[in-house]
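Trainee: Sharing query-v4.tsv (TSV, C-alpha atoms) below.
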chain	number	residue	atom	x	y	z
A	1	MET	CA	-2.37	62.45	44.24
A	2	ARG	CA	-0.92	61.03	41.05
A	3	PHE	CA	-2.37	63.19	38.29
A	4	LYS	CA	-2.18	63.97	34.60
A	5	LYS	CA	-3.06	67.23	32.88
A	6	VAL	CA	-5.19	66.62	29.79
A	7	THR	CA	-6.87	68.60	27.03
A	8	PHE	CA	-9.71	67.64	24.72
A	9	LYS	CA	-11.86	69.37	22.12
A	10	ASN	CA	-15.51	70.21	22.72
A	11	SER	CA	-18.18	70.01	20.03
A	12	GLN	CA	-17.35	73.57	18.94
A	13	GLY	CA	-13.68	72.75	18.43
A	14	GLU	CA	-12.54	74.68	21.53
A	15	GLU	CA	-9.79	73.10	23.61
A	16	LEU	CA	-10.87	72.33	27.17
A	17	SER	CA	-8.38	71.93	30.00
A	18	GLY	CA	-8.72	69.06	32.43
A	19	ARG	CA	-6.92	67.09	35.08
A	20	ILE	CA	-7.28	63.41	35.97
A	21	ASP	CA	-6.35	62.37	39.50
A	22	PHE	CA	-5.40	58.69	39.82
A	23	PRO	CA	-4.96	56.28	42.72
A	24	LEU	CA	-1.37	55.84	43.85
A	25	ILE	CA	-0.80	52.50	42.11
A	26	GLY	CA	-2.63	50.16	39.81
A	27	LYS	CA	-5.63	50.45	37.55
A	28	PRO	CA	-8.51	52.57	38.90
A	29	LYS	CA	-11.57	50.68	40.13
A	30	ALA	CA	-13.68	53.12	38.14
A	31	PHE	CA	-13.65	56.64	36.65
A	32	VAL	CA	-15.54	59.67	37.96
A	33	LEU	CA	-16.50	62.90	36.15
A	34	PHE	CA	-16.77	66.17	38.10
A	35	ALA	CA	-18.58	69.38	37.02
A	36	HIS	CA	-17.63	72.58	38.87
A	37	CYS	CA	-19.82	75.47	39.99
A	38	PHE	CA	-20.91	78.51	37.93
A	39	THR	CA	-17.88	80.68	36.95
A	40	CYS	CA	-15.57	78.49	39.07
A	41	SER	CA	-12.72	76.32	37.78
A	42	LYS	CA	-11.36	72.81	38.25
A	43	ASN	CA	-8.70	74.21	40.60
A	44	LEU	CA	-11.10	75.25	43.36
A	45	LYS	CA	-9.55	74.05	46.64
A	46	SER	CA	-12.69	72.19	47.69
A	47	VAL	CA	-12.49	70.14	44.46
A	48	ASP	CA	-8.97	69.05	45.48
A	49	HIS	CA	-10.38	67.55	48.68
A	50	ILE	CA	-13.23	65.82	46.86
A	51	SER	CA	-10.86	64.40	44.24
A	52	HIS	CA	-8.54	63.21	46.98
A	53	ALA	CA	-11.38	61.25	48.58
A	54	PHE	CA	-12.07	59.40	45.34
A	55	THR	CA	-8.44	58.46	44.75
A	56	GLN	CA	-8.34	57.11	48.29
A	57	GLU	CA	-11.22	54.83	47.31
A	58	GLY	CA	-9.17	53.61	44.36
A	59	MET	CA	-11.04	55.62	41.70
A	60	ALA	CA	-9.77	58.13	39.13
A	61	ILE	CA	-11.57	61.45	38.63
A	62	LEU	CA	-11.60	63.92	35.74
A	63	ARG	CA	-12.29	67.57	36.51
A	64	PHE	CA	-12.22	70.15	33.74
A	65	ASP	CA	-12.83	73.82	33.04
A	66	PHE	CA	-15.97	74.65	31.08
A	67	THR	CA	-15.53	76.74	27.92
A	68	GLY	CA	-14.10	80.20	28.61
A	69	LEU	CA	-13.23	79.46	32.26
A	70	GLY	CA	-9.97	78.57	33.96
A	71	GLN	CA	-7.46	77.30	31.42
A	72	SER	CA	-10.01	76.28	28.78
A	73	LYS	CA	-10.24	78.12	25.47
A	74	GLY	CA	-13.25	80.01	24.18
A	75	ASP	CA	-15.21	83.09	25.21
A	76	PHE	CA	-17.31	82.77	28.36
A	77	ALA	CA	-19.71	85.40	26.98
A	78	ASP	CA	-20.65	82.99	24.18
A	79	THR	CA	-21.50	80.15	26.56
A	80	ASN	CA	-24.76	79.17	28.21
A	81	PHE	CA	-26.27	76.28	30.15
A	82	SER	CA	-26.72	74.28	26.95
A	83	SER	CA	-23.04	74.66	26.08
A	84	ASN	CA	-22.17	73.48	29.61
A	85	LEU	CA	-24.22	70.34	29.02
A	86	SER	CA	-22.43	69.82	25.73
A	87	ASP	CA	-19.01	70.27	27.40
A	88	LEU	CA	-19.99	67.73	30.04
A	89	LYS	CA	-20.97	65.21	27.38
A	90	ASP	CA	-17.68	65.86	25.55
A	91	ALA	CA	-15.75	65.19	28.77
A	92	TYR	CA	-17.64	61.91	29.17
A	93	ASP	CA	-16.80	60.95	25.58
A	94	TYR	CA	-13.13	61.81	26.14
A	95	LEU	CA	-12.89	59.50	29.14
A	96	GLU	CA	-14.73	56.74	27.31
A	97	GLN	CA	-12.39	56.97	24.31
A	98	GLN	CA	-9.08	57.45	26.12
A	99	TYR	CA	-9.61	55.45	29.34
A	100	GLU	CA	-13.06	54.09	30.15
A	101	ALA	CA	-16.51	55.62	30.53
A	102	PRO	CA	-17.14	57.21	33.94
A	103	GLN	CA	-19.59	55.39	36.18
A	104	ILE	CA	-20.00	58.24	38.67
A	105	VAL	CA	-20.83	61.88	37.89
A	106	VAL	CA	-20.60	64.62	40.53
A	107	GLY	CA	-21.74	68.24	40.12
A	108	HIS	CA	-21.36	71.28	42.36
A	109	SER	CA	-23.87	74.15	42.22
A	110	LEU	CA	-24.84	74.84	38.57
A	111	GLY	CA	-22.57	71.91	37.73
A	112	GLY	CA	-25.00	69.86	39.81
A	113	ALA	CA	-27.92	71.05	37.71
A	114	ALA	CA	-25.89	70.17	34.62
A	115	VAL	CA	-25.21	66.58	35.71
A	116	LEU	CA	-28.90	66.11	36.54
A	117	HIS	CA	-29.79	67.19	33.00
A	118	VAL	CA	-27.20	65.17	31.11
A	119	SER	CA	-26.57	62.00	33.17
A	120	GLY	CA	-29.78	60.31	32.08
A	121	MET	CA	-28.32	60.20	28.56
A	122	LEU	CA	-24.96	58.77	29.65
A	123	GLU	CA	-25.29	55.01	29.34
A	124	ASN	CA	-22.47	53.89	31.60
A	125	VAL	CA	-23.20	56.26	34.50
A	126	LYS	CA	-24.49	54.31	37.49
A	127	ALA	CA	-24.78	57.06	40.11
A	128	VAL	CA	-25.04	60.85	40.35
A	129	ALA	CA	-24.16	63.15	43.26
A	130	THR	CA	-24.97	66.85	43.58
A	131	ILE	CA	-23.55	69.39	46.03
A	132	GLY	CA	-25.43	72.65	46.62
A	133	ALA	CA	-27.26	72.24	43.32
A	134	PRO	CA	-30.26	74.35	42.22
A	135	SER	CA	-33.38	72.36	41.37
A	136	THR	CA	-33.72	74.38	38.16
A	137	PRO	CA	-30.88	75.97	36.15
A	138	GLU	CA	-32.67	79.34	35.94
A	139	HIS	CA	-32.06	79.71	39.68
A	140	VAL	CA	-28.65	81.11	38.75
A	141	THR	CA	-30.26	84.25	37.28
A	142	HIS	CA	-30.49	85.84	40.74
A	143	LEU	CA	-26.69	86.08	40.70
A	144	LEU	CA	-26.97	88.38	37.68
A	145	ASP	CA	-29.21	90.99	39.28
A	146	ASN	CA	-26.48	93.66	39.20
A	147	GLY	CA	-26.33	93.48	35.40
A	148	ARG	CA	-29.65	91.99	34.39
A	149	LYS	CA	-31.26	95.28	33.36
A	150	GLU	CA	-28.35	96.12	31.09
A	151	LEU	CA	-28.40	92.57	29.70
A	152	GLU	CA	-32.08	92.94	28.82
A	153	GLU	CA	-31.66	96.38	27.27
A	154	LYS	CA	-28.31	96.13	25.48
A	155	GLY	CA	-28.01	92.40	24.89
A	156	GLU	CA	-24.72	92.16	26.80
A	157	ALA	CA	-23.18	93.47	30.02
A	158	GLU	CA	-20.36	93.04	32.48
A	159	VAL	CA	-21.64	91.37	35.63
A	160	ASN	CA	-19.94	90.85	38.97
A	161	ILE	CA	-20.15	87.30	40.29
A	162	GLY	CA	-18.30	86.33	43.45
A	163	GLY	CA	-16.08	89.41	43.26
A	164	ARG	CA	-15.03	88.77	39.65
A	165	THR	CA	-16.26	90.52	36.52
A	166	PHE	CA	-17.53	88.53	33.56
A	167	LYS	CA	-18.86	89.64	30.20
A	168	MET	CA	-22.21	88.00	29.46
A	169	LYS	CA	-24.78	88.09	26.71
A	170	LYS	CA	-28.55	87.98	26.90
A	171	GLN	CA	-28.58	84.61	25.17
A	172	PHE	CA	-27.39	83.11	28.48
A	173	LEU	CA	-30.63	84.23	30.16
A	174	ASP	CA	-32.72	83.19	27.18
A	175	ASP	CA	-31.19	79.72	27.22
A	176	LEU	CA	-31.91	79.24	30.93
A	177	GLU	CA	-35.53	80.28	30.51
A	178	LYS	CA	-36.22	77.96	27.61
A	179	LYS	CA	-34.33	74.96	29.00
A	180	GLU	CA	-36.75	72.08	29.34
A	181	ARG	CA	-36.67	70.60	32.85
A	182	GLU	CA	-39.97	68.74	33.09
A	183	GLY	CA	-39.27	65.16	34.10
A	184	VAL	CA	-35.48	65.51	33.94
A	185	ILE	CA	-34.93	64.52	37.58
A	186	LYS	CA	-37.83	62.07	37.73
A	187	ASN	CA	-36.57	60.23	34.66
A	188	LEU	CA	-32.90	60.25	35.68
A	189	LYS	CA	-32.93	56.48	36.36
A	190	LYS	CA	-29.63	56.64	38.24
A	191	SER	CA	-28.84	56.30	41.93
A	192	LEU	CA	-28.83	59.82	43.36
A	193	LEU	CA	-27.13	61.47	46.33
A	194	VAL	CA	-28.12	65.05	47.21
A	195	ILE	CA	-25.75	66.99	49.51
A	196	HIS	CA	-26.74	70.48	50.62
A	197	SER	CA	-26.06	72.90	53.45
A	198	PRO	CA	-29.03	74.37	55.37
A	199	GLN	CA	-26.93	77.54	55.68
A	200	ASP	CA	-26.28	77.87	51.92
A	201	ASN	CA	-27.24	81.48	51.13
A	202	ILE	CA	-26.48	81.18	47.41
A	203	VAL	CA	-28.64	78.16	46.60
A	204	GLY	CA	-31.23	77.67	49.33
A	205	ILE	CA	-31.89	74.33	51.01
A	206	GLU	CA	-35.37	74.22	49.45
A	207	ASN	CA	-33.65	73.30	46.18
A	208	ALA	CA	-32.35	70.09	47.74
A	209	GLN	CA	-35.86	69.27	48.93
A	210	GLU	CA	-37.29	69.80	45.45
A	211	ILE	CA	-34.61	67.60	43.84
A	212	TYR	CA	-35.07	64.86	46.40
A	213	MET	CA	-38.86	64.85	46.25
A	214	GLU	CA	-38.91	64.69	42.45
A	215	ALA	CA	-36.26	61.96	42.16
A	216	MET	CA	-37.13	58.28	42.15
A	217	HIS	CA	-35.44	55.73	44.39
A	218	PRO	CA	-32.66	54.85	45.07
A	219	LYS	CA	-31.98	58.33	46.45
A	220	SER	CA	-30.23	59.72	49.52
A	221	PHE	CA	-29.83	63.10	51.21
A	222	ILE	CA	-26.94	64.28	53.39
A	223	SER	CA	-26.97	67.60	55.22
A	224	LEU	CA	-23.70	69.53	54.92
A	225	ASP	CA	-24.57	71.39	58.09
A	226	GLY	CA	-22.62	74.59	58.73
A	227	SER	CA	-21.00	74.78	55.31
A	228	ASP	CA	-21.11	77.74	52.95
A	229	HIS	CA	-21.91	77.29	49.27
A	230	LEU	CA	-18.30	76.92	48.10
A	231	MET	CA	-17.24	74.67	51.00
A	232	THR	CA	-14.42	77.07	51.81
A	233	LYS	CA	-13.95	75.39	55.18
A	234	GLU	CA	-11.58	72.51	54.57
A	235	SER	CA	-13.40	70.10	56.87
A	236	ASP	CA	-16.66	70.60	54.92
A	237	ALA	CA	-15.07	69.71	51.58
A	238	LYS	CA	-13.29	66.69	53.07
A	239	TYR	CA	-16.54	65.48	54.61
A	240	ALA	CA	-18.48	65.89	51.36
A	241	GLY	CA	-15.76	64.08	49.42
A	242	SER	CA	-15.55	61.16	51.83
A	243	ILE	CA	-19.33	60.73	51.88
A	244	ILE	CA	-19.70	60.78	48.08
A	245	ALA	CA	-16.72	58.48	47.47
A	246	SER	CA	-17.92	55.92	50.03
A	247	TRP	CA	-21.51	56.08	48.78
A	248	SER	CA	-20.61	55.75	45.12
A	249	ALA	CA	-18.38	52.71	45.72
A	250	ARG	CA	-21.59	50.74	46.26
A	251	TYR	CA	-22.72	51.31	42.68
A	252	ILE	CA	-19.64	50.85	40.54
A	253	GLU	CA	-18.74	47.79	38.52
A	254	GLU	CA	-15.29	47.45	39.96
A	255	ASN	CA	-12.22	46.61	37.89
A	256	ASP	CA	-9.93	43.99	39.38
A	257	PRO	CA	-7.72	46.13	41.63
A	258	GLU	CA	-3.96	45.95	41.29
A	259	GLU	CA	-2.45	45.72	44.72
A	260	ALA	CA	1.00	45.83	46.26
A	261	PRO	CA	2.37	42.32	46.97
A	262	GLU	CA	2.39	41.09	50.57
A	263	GLY	CA	5.26	42.70	52.46
A	264	GLU	CA	5.56	45.59	49.98
A	265	VAL	CA	4.49	49.13	50.79
A	266	TRP	CA	4.29	52.05	48.35
A	267	THR	CA	4.32	55.71	49.37
A	268	ARG	CA	4.11	58.90	47.33
A	269	VAL	CA	4.24	62.61	48.14
A	270	GLY	CA	3.42	65.32	45.58
A	271	GLU	CA	5.13	68.58	44.72
A	272	LYS	CA	3.51	70.52	47.59
A	273	GLY	CA	2.93	69.74	51.24
A	274	PHE	CA	3.55	66.56	53.21
A	275	THR	CA	0.38	64.60	52.44
A	276	THR	CA	1.62	61.14	51.50
A	277	GLU	CA	-0.36	58.31	49.96
A	278	VAL	CA	0.38	54.87	51.36
A	279	ILE	CA	-0.50	51.53	49.74
A	280	SER	CA	-0.11	48.25	51.61
A	281	GLY	CA	-1.68	45.28	49.88
A	282	ARG	CA	-5.32	46.18	49.19
A	283	HIS	CA	-5.28	48.95	51.76
A	284	GLN	CA	-4.94	52.65	50.98
A	285	MET	CA	-3.94	55.11	53.71
A	286	ILE	CA	-2.67	58.63	54.19
A	287	ALA	CA	0.29	59.92	56.18
A	288	ASP	CA	0.75	63.62	56.92
A	289	GLU	CA	2.09	66.14	59.38
A	290	PRO	CA	0.11	68.48	61.66
A	291	PRO	CA	-0.58	72.08	60.58
A	292	SER	CA	1.93	73.32	63.17
A	293	VAL	CA	4.77	72.09	60.93
A	294	GLY	CA	3.15	72.87	57.58
A	295	GLY	CA	1.07	69.73	57.04
A	296	ASP	CA	-2.64	69.32	56.33
A	297	ASP	CA	-3.29	66.70	59.02
A	298	TYR	CA	-4.97	64.31	56.55
A	299	GLY	CA	-3.61	61.30	58.42
A	300	PRO	CA	-1.20	60.06	61.08
A	301	THR	CA	2.43	61.16	61.05
A	302	PRO	CA	5.12	58.65	60.06
A	303	TYR	CA	5.86	58.13	63.75
A	304	GLY	CA	2.15	57.64	64.29
A	305	TYR	CA	2.27	54.73	61.85
A	306	LEU	CA	5.42	53.38	63.48
A	307	LEU	CA	3.74	53.32	66.89
A	308	SER	CA	0.55	51.93	65.33
A	309	GLY	CA	2.51	49.02	63.88
A	310	LEU	CA	4.11	48.25	67.22
A	311	GLY	CA	0.82	48.63	69.10
A	312	ALA	CA	-1.13	46.45	66.67
A	313	CYS	CA	1.58	43.77	66.68
A	314	THR	CA	1.66	43.80	70.48
A	315	ALA	CA	-2.10	43.34	70.76
A	316	MET	CA	-2.15	40.57	68.12
A	317	THR	CA	0.74	38.73	69.77
A	318	LEU	CA	-1.01	38.75	73.15
A	319	ARG	CA	-4.26	37.62	71.54
A	320	MET	CA	-2.49	34.74	69.81
A	321	TYR	CA	-0.66	33.66	72.98
A	322	ALA	CA	-3.79	33.84	75.13
A	323	ASP	CA	-5.78	31.78	72.62
A	324	HIS	CA	-3.03	29.16	72.43
A	325	LYS	CA	-2.74	28.88	76.21
A	326	LYS	CA	-6.53	29.16	76.69
A	327	ILE	CA	-6.13	32.20	78.93
A	328	ASP	CA	-9.32	34.18	79.63
A	329	LEU	CA	-8.09	37.39	77.98
A	330	LYS	CA	-11.13	39.47	76.98
A	331	GLU	CA	-9.42	42.58	75.62
A	332	VAL	CA	-6.04	44.20	75.14
A	333	GLU	CA	-5.42	47.96	74.97
A	334	VAL	CA	-1.98	49.32	74.13
A	335	LYS	CA	-0.96	52.95	74.55
A	336	LEU	CA	2.33	54.12	73.02
A	337	THR	CA	4.26	57.37	73.07
A	338	HIS	CA	7.50	58.36	71.36
A	339	ASP	CA	9.98	60.96	72.50
A	340	LYS	CA	13.60	62.02	72.29
A	341	VAL	CA	15.26	61.88	75.72
A	342	HIS	CA	18.73	62.64	76.99
A	343	LYS	CA	21.05	59.79	77.84
A	344	LYS	CA	21.50	59.48	81.56
A	345	ASP	CA	25.25	59.03	81.18
A	346	GLY	CA	27.90	60.41	78.85
A	347	GLU	CA	29.63	63.68	78.16
A	348	ASN	CA	27.12	64.81	75.55
A	349	SER	CA	24.02	64.32	77.68
A	350	GLU	CA	22.94	67.93	77.20
A	351	SER	CA	23.49	68.00	73.45
A	352	SER	CA	21.22	66.75	70.68
A	353	LYS	CA	23.80	64.03	69.98
A	354	GLY	CA	23.20	62.74	73.46
A	355	LYS	CA	19.50	62.09	72.84
A	356	ILE	CA	18.00	58.70	72.18
A	357	ASP	CA	14.60	57.56	70.92
A	358	GLN	CA	12.34	56.27	73.65
A	359	ILE	CA	9.04	54.47	73.15
A	360	LYS	CA	6.84	53.98	76.17
A	361	ARG	CA	4.28	51.20	75.98
A	362	LYS	CA	1.47	50.73	78.47
A	363	ILE	CA	-0.75	47.65	78.24
A	364	LYS	CA	-4.20	47.18	79.75
A	365	LEU	CA	-5.32	43.56	80.10
A	366	THR	CA	-8.99	42.79	80.67
A	367	GLY	CA	-10.18	39.35	81.69
A	368	ASP	CA	-10.27	36.82	84.51
A	369	LEU	CA	-6.50	36.61	84.82
A	370	THR	CA	-4.21	35.45	87.62
A	371	ASP	CA	-1.24	37.58	88.67
A	372	GLU	CA	1.06	35.02	87.07
A	373	GLN	CA	-0.84	35.18	83.77
A	374	ARG	CA	-0.71	38.98	83.74
A	375	LYS	CA	3.04	38.92	84.38
A	376	ARG	CA	3.58	36.39	81.61
A	377	LEU	CA	1.49	38.36	79.10
A	378	ILE	CA	3.54	41.50	79.74
A	379	GLU	CA	6.69	39.46	79.11
A	380	ILE	CA	5.22	38.08	75.88
A	381	ALA	CA	4.61	41.64	74.63
A	382	ASP	CA	8.36	42.00	74.06
A	383	ARG	CA	8.25	39.02	71.70
A	384	CYS	CA	6.00	40.63	69.10
A	385	PRO	CA	7.76	40.60	65.68
A	386	VAL	CA	7.70	44.39	65.24
A	387	HIS	CA	9.24	44.85	68.68
A	388	LYS	CA	12.02	42.43	67.75
A	389	THR	CA	12.59	44.18	64.41
A	390	LEU	CA	12.95	47.59	66.09
A	391	GLU	CA	15.35	46.23	68.71
A	392	ALA	CA	17.44	44.44	66.08
A	393	LYS	CA	18.18	47.72	64.26
A	394	PRO	CA	17.52	46.30	60.77
A	395	ASP	CA	19.64	47.24	57.75
A	396	ILE	CA	17.82	49.69	55.48
A	397	LEU	CA	19.09	49.53	51.89
A	398	THR	CA	18.24	52.53	49.71
A	399	GLU	CA	18.52	52.75	45.94
A	400	GLU	CA	16.87	54.76	43.17
A	401	MET	CA	13.81	53.11	41.59
A	402	LYS	CA	13.85	53.13	37.79
Would you mind giving the structure from this file in structure tokens?
Mentor:
Amino acid sequence: MRFKKVTFKNSQGEELSGRIDFPLIGKPKAFVLFAHCFTCSKNLKSVDHISHAFTQEGMAILRFDFTGLGQSKGDFADTNFSSNLSDLKDAYDYLEQQYEAPQIVVGHSLGGAAVLHVSGMLENVKAVATIGAPSTPEHVTHLLDNGRKELEEKGEAEVNIGGRTFKMKKQFLDDLEKKEREGVIKNLKKSLLVIHSPQDNIVGIENAQEIYMEAMHPKSFISLDGSDHLMTKESDAKYAGSIIASWSARYIEENDPEEAPEGEVWTRVGEKGFTTEVISGRHQMIADEPPSVGGDDYGPTPYGYLLSGLGACTAMTLRMYADHKKIDLKEVEVKLTHDKVHKKDGENSESSKGKIDQIKRKIKLTGDLTDEQRKRLIEIADRCPVHKTLEAKPDILTEEMK
């Protein structure tokens, strides 16, 4: 992803750390604001996958660390749910002032409760999505059981949450208990998507039911079946991200997209891994490598795209020829494989230098076809433009882009 690290001040003057992930090229269709889970940070791996899904849909997304967490300034012990809401509003204001107001807001866990509380006041927000969110913010108090008694008696305590120790003050509990929630969800007046795992043992599935039942239409529910609360399984985070990004695209007021000109393709790989963004015209894709060679398997390999181009061109060429000749061709299937094989002749046949690239193409033709027509269609396959380009060994001119 193309990204930019940003900082902005909250209402208390503390500097908050954020990151905006952008589409590969052009102006974003819309901006998204993400709120992370209780005591988490913007760098949670699952948030990477969710952000990636939005950039693939052509949207930009801001994720930030709440006060006292991650790389943001301030003391976590002095924060509470109200300060989280304030930070969220400050992040919205930052986007509105520096870029454009976000139209989509997404919240995970307590971040989900936060976006439910604040989004109704954010004029430009069209849709809200929650992941594993509690129906009431005070639900988080059960995570503090190991230090609650000390909090009540001494006014502050060190509590263990998710294997990490945090200093907290009683005012956090007091703020949760007094936070007004009556009508917050019912009066949201935004399109709502609720995503929750039935196996979530941190925030039970009954919370999703309560949110959904209280919300007004339009509203949707998606079961994140099999996932844990933090979506530590990569496939769960990818699924959640793809669902939210696709769903939210329905509600945005889309900017005119900037696209690569016909015949021009853009690709970009980041500082880690092989995941590569690909832009061709209005179409956004991903190339990657399999895990066996260090990739994340987000998309086809470069050779996968090469074979796809040849296969698609072959099928289109046969379709065009059959239509022109009025041949009863119902369907074309093309199967391609690529390999390195030894030359049959030559002194270096057993060395790597003696290997050549070989693409095998098998074509299945369906329709009421004569033997002569089938033979002719197979011959025509070799005339597809991509086939001719590969056989012609085109010149590839490389220069640095300024």
Trainee: Could you work out how far CA of Lys5 in chain A lies from CA of Gly18 in chain A, giving the answer in Å with one decimal?
Mentor: 6.0 Å
Trainee: Would you work out the distance separating CA of Asp78 in chain A from CA of Phe8 in chain A, expressed in Å to one decimal?
Mentor: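 About the pair CA of Asp78 in chain A and CA of Phe8 in chain A: they are 18.9 Å apart.
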Trainee: Here is a test: counting all atoms listed in the file, which residue of A:Ala77, A:Ile356, A:Leu377, A:Ile61 is nearest to Asp323 in chain A?
Mentor: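 Under the stated criterion, the closest residue is A:Leu377.
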Trainee: Tell me, as a list in words, which residues lie within 8 Å of Ile20 in chain A, counting only C-alpha atoms; anything in the same chain fewer than 2 positions away does not count.
Mentor: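 Returned residues: Phe3, Lys4, Lys5, Val6, Gly18, Phe22, Ala60, Ile61, Leu62 and Arg63 of chain A.
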Trainee: Quick one: everything within 12 Å of Thr55 in chain A, counting all atoms listed in the file, minus sequence neighbours fewer than 2 positions away in the same chain. Send it as JSON, numbers by chain.
Mentor: {"A": [1, 2, 3, 20, 21, 22, 23, 24, 25, 26, 27, 28, 29, 30, 31, 32, 48, 49, 50, 51, 52, 53, 57, 58, 59, 60, 61, 62, 241, 242, 244, 245, 246, 249, 277, 278, 279, 284, 285, 286]}
Trainee: Atoms to include: C-alpha atoms. Write the selected residues as a PDB file, in the frame of the given file.
Mentor:
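File produced: out-v5.pdb:
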ATOM      1  CA  MET A   1      -2.370  62.450  44.240  1.00  0.00           C
ATOM      2  CA  ARG A   2      -0.920  61.030  41.050  1.00  0.00           C
ATOM      3  CA  PHE A   3      -2.370  63.190  38.290  1.00  0.00           C
ATOM      4  CA  ILE A  20      -7.280  63.410  35.970  1.00  0.00           C
ATOM      5  CA  ASP A  21      -6.350  62.370  39.500  1.00  0.00           C
ATOM      6  CA  PHE A  22      -5.400  58.690  39.820  1.00  0.00           C
ATOM      7  CA  PRO A  23      -4.960  56.280  42.720  1.00  0.00           C
ATOM      8  CA  LEU A  24      -1.370  55.840  43.850  1.00  0.00           C
ATOM      9  CA  ILE A  25      -0.800  52.500  42.110  1.00  0.00           C
ATOM     10  CA  GLY A  26      -2.630  50.160  39.810  1.00  0.00           C
ATOM     11  CA  LYS A  27      -5.630  50.450  37.550  1.00  0.00           C
ATOM     12  CA  PRO A  28      -8.510  52.570  38.900  1.00  0.00           C
ATOM     13  CA  LYS A  29     -11.570  50.680  40.130  1.00  0.00           C
ATOM     14  CA  ALA A  30     -13.680  53.120  38.140  1.00  0.00           C
ATOM     15  CA  PHE A  31     -13.650  56.640  36.650  1.00  0.00           C
ATOM     16  CA  VAL A  32     -15.540  59.670  37.960  1.00  0.00           C
ATOM     17  CA  ASP A  48      -8.970  69.050  45.480  1.00  0.00           C
ATOM     18  CA  HIS A  49     -10.380  67.550  48.680  1.00  0.00           C
ATOM     19  CA  ILE A  50     -13.230  65.820  46.860  1.00  0.00           C
ATOM     20  CA  SER A  51     -10.860  64.400  44.240  1.00  0.00           C
ATOM     21  CA  HIS A  52      -8.540  63.210  46.980  1.00  0.00           C
ATOM     22  CA  ALA A  53     -11.380  61.250  48.580  1.00  0.00           C
ATOM     23  CA  GLU A  57     -11.220  54.830  47.310  1.00  0.00           C
ATOM     24  CA  GLY A  58      -9.170  53.610  44.360  1.00  0.00           C
ATOM     25  CA  MET A  59     -11.040  55.620  41.700  1.00  0.00           C
ATOM     26  CA  ALA A  60      -9.770  58.130  39.130  1.00  0.00           C
ATOM     27  CA  ILE A  61     -11.570  61.450  38.630  1.00  0.00           C
ATOM     28  CA  LEU A  62     -11.600  63.920  35.740  1.00  0.00           C
ATOM     29  CA  GLY A 241     -15.760  64.080  49.420  1.00  0.00           C
ATOM     30  CA  SER A 242     -15.550  61.160  51.830  1.00  0.00           C
ATOM     31  CA  ILE A 244     -19.700  60.780  48.080  1.00  0.00           C
ATOM     32  CA  ALA A 245     -16.720  58.480  47.470  1.00  0.00           C
ATOM     33  CA  SER A 246     -17.920  55.920  50.030  1.00  0.00           C
ATOM     34  CA  ALA A 249     -18.380  52.710  45.720  1.00  0.00           C
ATOM     35  CA  GLU A 277      -0.360  58.310  49.960  1.00  0.00           C
ATOM     36  CA  VAL A 278       0.380  54.870  51.360  1.00  0.00           C
ATOM     37  CA  ILE A 279      -0.500  51.530  49.740  1.00  0.00           C
ATOM     38  CA  GLN A 284      -4.940  52.650  50.980  1.00  0.00           C
ATOM     39  CA  MET A 285      -3.940  55.110  53.710  1.00  0.00           C
ATOM     40  CA  ILE A 286      -2.670  58.630  54.190  1.00  0.00           C
TER      41      ILE A 286
END
Trainee: Given the choices A:Thr7, A:Gln71, A:Ser46, A:Asn187, which gets closest to Tyr239 in chain A if the distance is worked out from all atoms listed in the file?
Mentor: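 Looking only at the distances to Tyr239 in chain A, the closest residue turns out to be A:Ser46.
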Trainee: Can you tell me which residues surround Cys313 in chain A at a distance of at most 10 Å, considering all atoms listed in the file, apart from same-chain residues fewer than 3 positions away, and format the answer as a list of chain:residue names?
Mentor: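 What passes the distance filter is A:Leu307, A:Ser308, A:Gly309, A:Leu310, A:Met316, A:Thr317, A:Leu318, A:Arg319, A:Val334, A:Ala381, A:Arg383, A:Cys384, A:Pro385, A:Val386, A:His387.
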Trainee: What is the distance between CA of Lys238 in chain A and CA of Val115 in chain A, in Å to one decimal?
Mentor: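 Rounded to one decimal, the two atoms are 21.1 Å apart.
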